Amino acid sequence: MNDQATARQPAGPGAASRPGLAARTLKAIGLLRESKAAIIGVGLILFWVLLALLAPVIAPYDPLKSNYAALANPGMLTPGHLLGTDHLGRDMLSRIMWGARTVLTVTPVAILIAYVVGITLGMLAGYYRGWVDTLISRVSDIILSFPVLILYIILLSTVGPSVFNIIVAVTLAFAPGIGRIVRGLVLDLRTAEYVAAAQIRGETGPFIMIVELLPNARGPLIVDACLRFGYTVITIGVLGFLGLGLPPPDPDWGGMVSETTALITIFPHMALVPSIALSSLVIGFNLLADGLREISMRD
Amino acid sequence: MAGSATPTSDTPVLQIENLRVSYFIRAGDIPAVLDFSLTIKAGESYGLVGESGCGKSTVAMAIMRYMGIAGRVVAGRILFEGRDMASLGDEELRRIRGGKIAMVYQEPYSALNPSMNVGSQLMEVPMIHEGASECDAYDRAIEVLRDVRMPDPQTVMDRYPHQISGGQQQRVVIAMALLSNPSLLILDEPTTALDVTVEAAVLDLIDELRRSYGVALLYISHNLGVIRRVCDRVGVMYSGELMEEGTIAEMFAAPRHPYTMGLFGCIPTVGAEKHTRALQPIRGQVSLPHQRLRGCVFGPRCDHAQAGRCDQGEIPLVRTDGSGHQVRCLRWNDIVPSVARATGQADHGAGDEVVLHVDGMSKFYELPERSLRALLGGGAVRYVKANERISFDVIRGRTIAIVGESGCGKSTFAKVLTGLETATEGSIELHGRNIATIPVQQRSSELIRTLQMVFQNPDGTLNPSHSVGWAIGRVVRKFGLAKDADKVRARVEEMLDIVRLPAVFASRKPRQLSGGQKQRIAVARAFAGKPNIVIADEPVSALDVSVQAAVINLLMDVQEKFGTTLLFISHDLSVVRYLSDHIVVMYLGQVMEMGPAEAVFRPPYHPYTEALLSAVPVADPTIEQTHIRLTGEMPSIIDPPRGCRFCTRCPRRIGEICDTVVPPEQEPVPGHRIRCHIPLEDLRKIPPVFTRVAAAAE
């Protein structure tokens, strides 16, 4: 009943005043069209997302199953195996498709958690300042002082590679950087008069941070998130290459590159195809980030 | 006659003929200036008045041929000393800019290069434009700094911009403009960012320099009082067109165009008795040049517009008589200016219940000392005494104004009152309860509801991410005035109605609103929780005059409707005079004078109040004003004078006693207190700042 009332009268306050989600999404897509970079980026990302979604349907083979007949000549392109088979006789095309699935599930989860942690820390530091800021900023500085790759290697070689550990490692590596960006944004935003108005209204700190400040910090954060998507894809690839990625036998682009390097002089495509997959996805995210920045600069 | 290439003595310095400027952007071209003409003779001072968005700055930029990539002169000519600016090559243009035509901007701080000292920035001008030697340039810089009345020019030459005050910075910018001996000086709102006493001194300086340098001025401002002080002739611009033009005497005594009359109706006059004349805001909003309709651009907002006549063709600029007075109105001859009416709000006999009792309230900030000695506990702790022993009472339903220049501590007081800061000493009793030391986090919801605030900056006061309905609704919910969605919405719509905005505004985002509308929403938000006291911190100083009048009237109406007590913080004495019952004048954290508005605006004055009043730019030609100027700079609040705070700049200082002894509070009439050493009988002898002279001929 109440819902109906709000639907009939969109002029009302609060949530009822927003245009529908579908309309806003359409508008956002319309804006994306203004940037060529963004269109190409979205295209690349969508390509991999589709492959990942459809992998169970369109992948010609089970990515884990070996074709013993093909074991004798890995890498050979045959009509049955368009991209050949790897050293264990598994179909490369299927493994690439399933590999997209892995990277596209681990990355968003890792990014999301890193953002929740980073935003929380940055907000606290920027809003309360004082010793809270000092503590959070100094600990962040310590983490940021490690080269990221070394940080990952130390962490994952200690606790062992697993999906969960990779997510924890990404969070630990990214949260300080995200926190720093958020802190800077909040330091600027908190001087606005609407924040003073909220304080005078007796709003609590968490309310001000989440409801008054966070929505106004979202622009730069969305661009940053796109870039970090790309970095995470690379990271997972690199970890896979170093044998610290997802444990075998699950298909993993980085792992596929490392498994095939032995044959790289004879069959370069075996290392090249997963590498191209990886970089095209990364480039997709970077182009989207560039495009978003370009569009946001215009308004 | 205009095209003569050789400048003779009677060639105007600047002649603009039918100028039309457009900005070309993705959405198409937007005309900013349409058919604009003006002539400035040598040594003449021309004032250009108009509200934001009317194209006055575009004219200035067009003269300099400095309009960016998007702006272009579409039609018309700009003749500078008889030469068409459009025909000049880049090299010639460069020599004219900053050489023959110089410009002074609104923000002195951003006009100066922060990484160069004042001396090298000044010396650059003759060195680049005339190839003067460094030695010559230095001498000339010193000379021109003396001309702009800069104390101790040698020292100032070595300073960096951040080391001198705003008033001094503007003097440096003016000095820089004068160094090349320009024949035209364009000043774009040069005193808007300055305090009123500093503004008065800078205006005096501009007036004096233009006579001694013989330079022609194009003075752009939105403030008619300022224009009256420094200009010979004035042009009123609206929506890219010149509406009216004439000499100061003609225009201020007998404006002909309804828009000019409207502008005068919008400004409160500081000399008039309170409430004798209501502000008459111009209805509607400034229509931007690209939204213009057929016929008169001002038509939609004009009370005298006639359908079928004013909305037909182009309205020509016509001469009203033999002199230069021109007006772009079909009805200039048959409009009778509306007679000023009194406000309905005259002395409402509100009771004398004291709602707020401030008693000896002080707020000191500890100065963060980061030296090694301080860390070891050696040095004495230093304090910034932002508020010191402030005492006054506020009566229910009345308006009390706190007046003073920047740095006087008026905003600190608001912070302590709202609980964003806590007092160091003393008390603020609200309904008999001391709230001075309770921070906002510990205040009860009821107490918080009692005290709400309207802020200065319309762009910062509303959260850009939330709708108007959300902002007002949040207050309603927060203070439990309504719980379920329908009632909240009803209350939001009621508040919107009270601030005279349609209910559909509830779903708008702040970026869809104009500055005046945002400020109305801010008023609605502050009053939505039915507060007993509303603090308004400079609520109209960032608005255009026509909007300013509307918001002031609105604030007074809403206040009367709810019987709210209003604490009005401002530096604008005319506005204060118009709406307040009581006035508290502050200087360097202390109260100098306080009392009923009538008493404060009449002798006996505190010398500081007298100086403030004397500095106010007055647009009303029937008011004569005494001429008192403060010299020197406001002392640092970290190290204020020991005796009277005002002694270093006081024009009526009586001797040693002022420097060493804290002045007593004197009470000429009960409720009117002056903190000064000068005996009351002497203070009473001070002539009034404002006197009414016989109205100019009409």
# chains A, B, ... in the order shown; residues from 1 in each chain; ligands from 1

call {"tool": "interface_residues", "arguments": {"of": "chain B", "to": "chain A", "cutoff": "9 Å", "atoms": "only C-alpha atoms", "output": "ChimeraX atom specification"}}
result
/B:418-420,440-445,448-449,451-457,459-475,478-479,485-486,488-490,492-493,503-508,526

call {"tool": "select_by_dssp", "arguments": {"residues": "region 73-223 of chain A", "states": "helix (DSSP H, G or I)", "output": "PyMOL selection string"}}
result
chain A and resi 92-128+130-144+148-159+163-189+193-200+205-223

call {"tool": "write_last_selection", "arguments": {"atoms": "C-alpha atoms", "output": "short mmCIF file (atom, residue, chain, number, x, y, z; two decimals), in the first residue's frame"}}
result
data_model
loop_
_atom_site.label_atom_id
_atom_site.label_comp_id
_atom_site.auth_asym_id
_atom_site.auth_seq_id
_atom_site.Cartn_x
_atom_site.Cartn_y
_atom_site.Cartn_z
CA MET A 92 43.50 -25.08 -24.27
CA LEU A 93 40.39 -23.30 -25.58
CA SER A 94 38.25 -24.77 -22.83
CA ARG A 95 40.85 -23.91 -20.22
CA ILE A 96 41.00 -20.29 -21.41
CA MET A 97 37.21 -20.01 -21.13
CA TRP A 98 37.09 -21.59 -17.70
CA GLY A 99 40.08 -19.53 -16.68
CA ALA A 100 38.07 -16.38 -17.40
CA ARG A 101 35.51 -17.70 -14.96
CA THR A 102 38.08 -18.02 -12.22
CA VAL A 103 39.64 -14.62 -12.68
CA LEU A 104 36.28 -12.89 -13.00
CA THR A 105 34.96 -14.32 -9.76
CA VAL A 106 38.02 -13.91 -7.59
CA THR A 107 38.77 -10.33 -8.75
CA PRO A 108 35.42 -8.66 -7.93
CA VAL A 109 35.22 -10.34 -4.54
CA ALA A 110 38.78 -9.31 -3.69
CA ILE A 111 38.20 -5.74 -4.89
CA LEU A 112 34.93 -5.44 -3.01
CA ILE A 113 36.46 -6.55 0.27
CA ALA A 114 39.53 -4.36 -0.28
CA TYR A 115 37.21 -1.39 -0.86
CA VAL A 116 35.08 -2.04 2.20
CA VAL A 117 38.19 -2.17 4.36
CA GLY A 118 39.93 0.74 2.59
CA ILE A 119 36.90 3.03 2.68
CA THR A 120 36.30 2.31 6.34
CA LEU A 121 39.88 3.08 7.29
CA GLY A 122 40.09 6.16 5.08
CA MET A 123 36.81 7.57 6.37
CA LEU A 124 37.83 7.07 9.99
CA ALA A 125 41.21 8.68 9.41
CA GLY A 126 39.87 11.61 7.42
CA TYR A 127 36.82 12.31 9.54
CA TYR A 128 38.17 11.89 13.06
CA GLY A 130 43.98 13.13 15.42
CA TRP A 131 45.41 9.89 16.77
CA VAL A 132 43.02 7.71 14.72
CA ASP A 133 44.46 9.26 11.57
CA THR A 134 48.02 8.94 12.81
CA LEU A 135 47.58 5.27 13.66
CA ILE A 136 45.83 4.31 10.42
CA SER A 137 48.13 6.38 8.23
CA ARG A 138 51.35 5.09 9.78
CA VAL A 139 50.30 1.43 9.54
CA SER A 140 49.26 2.08 5.92
CA ASP A 141 52.66 3.64 5.24
CA ILE A 142 54.39 0.52 6.54
CA ILE A 143 52.36 -1.73 4.25
CA LEU A 144 52.77 0.61 1.28
CA VAL A 148 53.46 -5.14 -3.84
CA LEU A 149 54.83 -8.27 -5.43
CA ILE A 150 57.13 -8.98 -2.53
CA LEU A 151 54.24 -8.48 -0.17
CA TYR A 152 52.21 -11.06 -2.07
CA ILE A 153 55.05 -13.55 -2.22
CA ILE A 154 55.77 -13.24 1.50
CA LEU A 155 52.10 -13.63 2.40
CA LEU A 156 51.16 -16.44 0.07
CA SER A 157 54.33 -18.44 0.56
CA THR A 158 53.66 -18.30 4.30
CA VAL A 159 49.98 -19.22 4.35
CA VAL A 163 41.28 -18.46 -3.20
CA PHE A 164 40.67 -17.17 0.30
CA ASN A 165 44.30 -16.31 0.87
CA ILE A 166 44.54 -14.49 -2.44
CA ILE A 167 41.56 -12.36 -1.45
CA VAL A 168 43.12 -11.60 1.92
CA ALA A 169 46.40 -10.71 0.24
CA VAL A 170 44.74 -8.38 -2.28
CA THR A 171 42.81 -6.69 0.53
CA LEU A 172 45.93 -6.20 2.57
CA ALA A 173 47.85 -4.81 -0.38
CA PHE A 174 45.11 -2.50 -1.68
CA ALA A 175 43.27 -1.28 1.41
CA PRO A 176 46.02 1.19 2.48
CA GLY A 177 46.08 2.81 -0.95
CA ILE A 178 42.30 3.04 -1.13
CA GLY A 179 42.28 4.37 2.43
CA ARG A 180 44.67 7.10 1.43
CA ILE A 181 42.49 8.24 -1.46
CA VAL A 182 39.36 8.21 0.71
CA ARG A 183 41.13 10.07 3.50
CA GLY A 184 42.14 12.82 1.10
CA LEU A 185 38.63 13.11 -0.30
CA VAL A 186 37.09 13.18 3.17
CA LEU A 187 39.51 15.82 4.44
CA ASP A 188 38.27 18.05 1.65
CA LEU A 189 34.57 17.15 1.87
CA GLU A 193 28.71 23.38 5.27
CA TYR A 194 26.33 20.47 4.85
CA VAL A 195 28.62 18.49 7.12
CA ALA A 196 28.46 21.24 9.73
CA ALA A 197 24.68 21.27 9.27
CA ALA A 198 24.58 17.52 9.96
CA GLN A 199 26.77 17.92 13.04
CA ILE A 200 24.57 20.71 14.34
CA GLY A 205 29.91 10.18 13.02
CA PRO A 206 29.04 6.97 11.13
CA PHE A 207 25.89 8.58 9.70
CA ILE A 208 27.83 11.59 8.45
CA MET A 209 30.54 9.40 6.98
CA ILE A 210 28.24 6.98 5.18
CA VAL A 211 25.28 9.14 4.23
CA GLU A 212 26.73 12.63 3.86
CA LEU A 213 30.31 12.02 2.73
CA LEU A 214 30.56 8.67 0.95
CA PRO A 215 28.12 9.45 -1.90
CA ASN A 216 30.14 12.54 -2.75
CA ALA A 217 33.40 10.60 -2.88
CA ARG A 218 32.11 7.99 -5.28
CA GLY A 219 33.30 9.57 -8.55
CA PRO A 220 37.06 9.24 -8.05
CA LEU A 221 36.57 5.90 -6.28
CA ILE A 222 34.78 4.32 -9.25
CA VAL A 223 37.62 5.30 -11.57
#

call {"tool": "select_by_dssp", "arguments": {"residues": "region 328-554 of chain B", "states": "strand (DSSP E)", "output": "ChimeraX atom specification"}}
result
/B:354-366,383-395,399-403,425-430,433-434,451-454,533-537

call {"tool": "atom_distance", "arguments": {"atom1": "CA of Met150 (chain B)", "atom2": "CA of Gly98 (chain B)"}}
result
21.4 Å

call {"tool": "atom_distance", "arguments": {"atom1": "CA of Ser280 (chain A)", "atom2": "CA of Trp48 (chain A)"}}
result
9.0 Å

call {"tool": "residues_around", "arguments": {"residues": "region 21-31 of chain B", "least_positions_apart": "3", "cutoff": "10 Å", "atoms": "only C-alpha atoms", "output": "ChimeraX atom specification"}}
result
/B:18,34-36,55,58-59,62,67-76,239-240,288-292

call {"tool": "residues_around", "arguments": {"residues": "Arg228 (chain A)", "least_positions_apart": "2", "cutoff": "9 Å", "atoms": "only C-alpha atoms", "output": "list of chain:residue names"}}
result
A:Ile111, A:Phe174, A:Val223, A:Asp224, A:Ala225, A:Cys226, A:Gly230, A:Tyr231, A:Thr232, A:Val233, A:Phe285, A:Asn286

call {"tool": "atom_distance", "arguments": {"atom1": "CA of Thr320 (chain B)", "atom2": "CA of Leu48 (chain B)"}}
result
19.4 Å
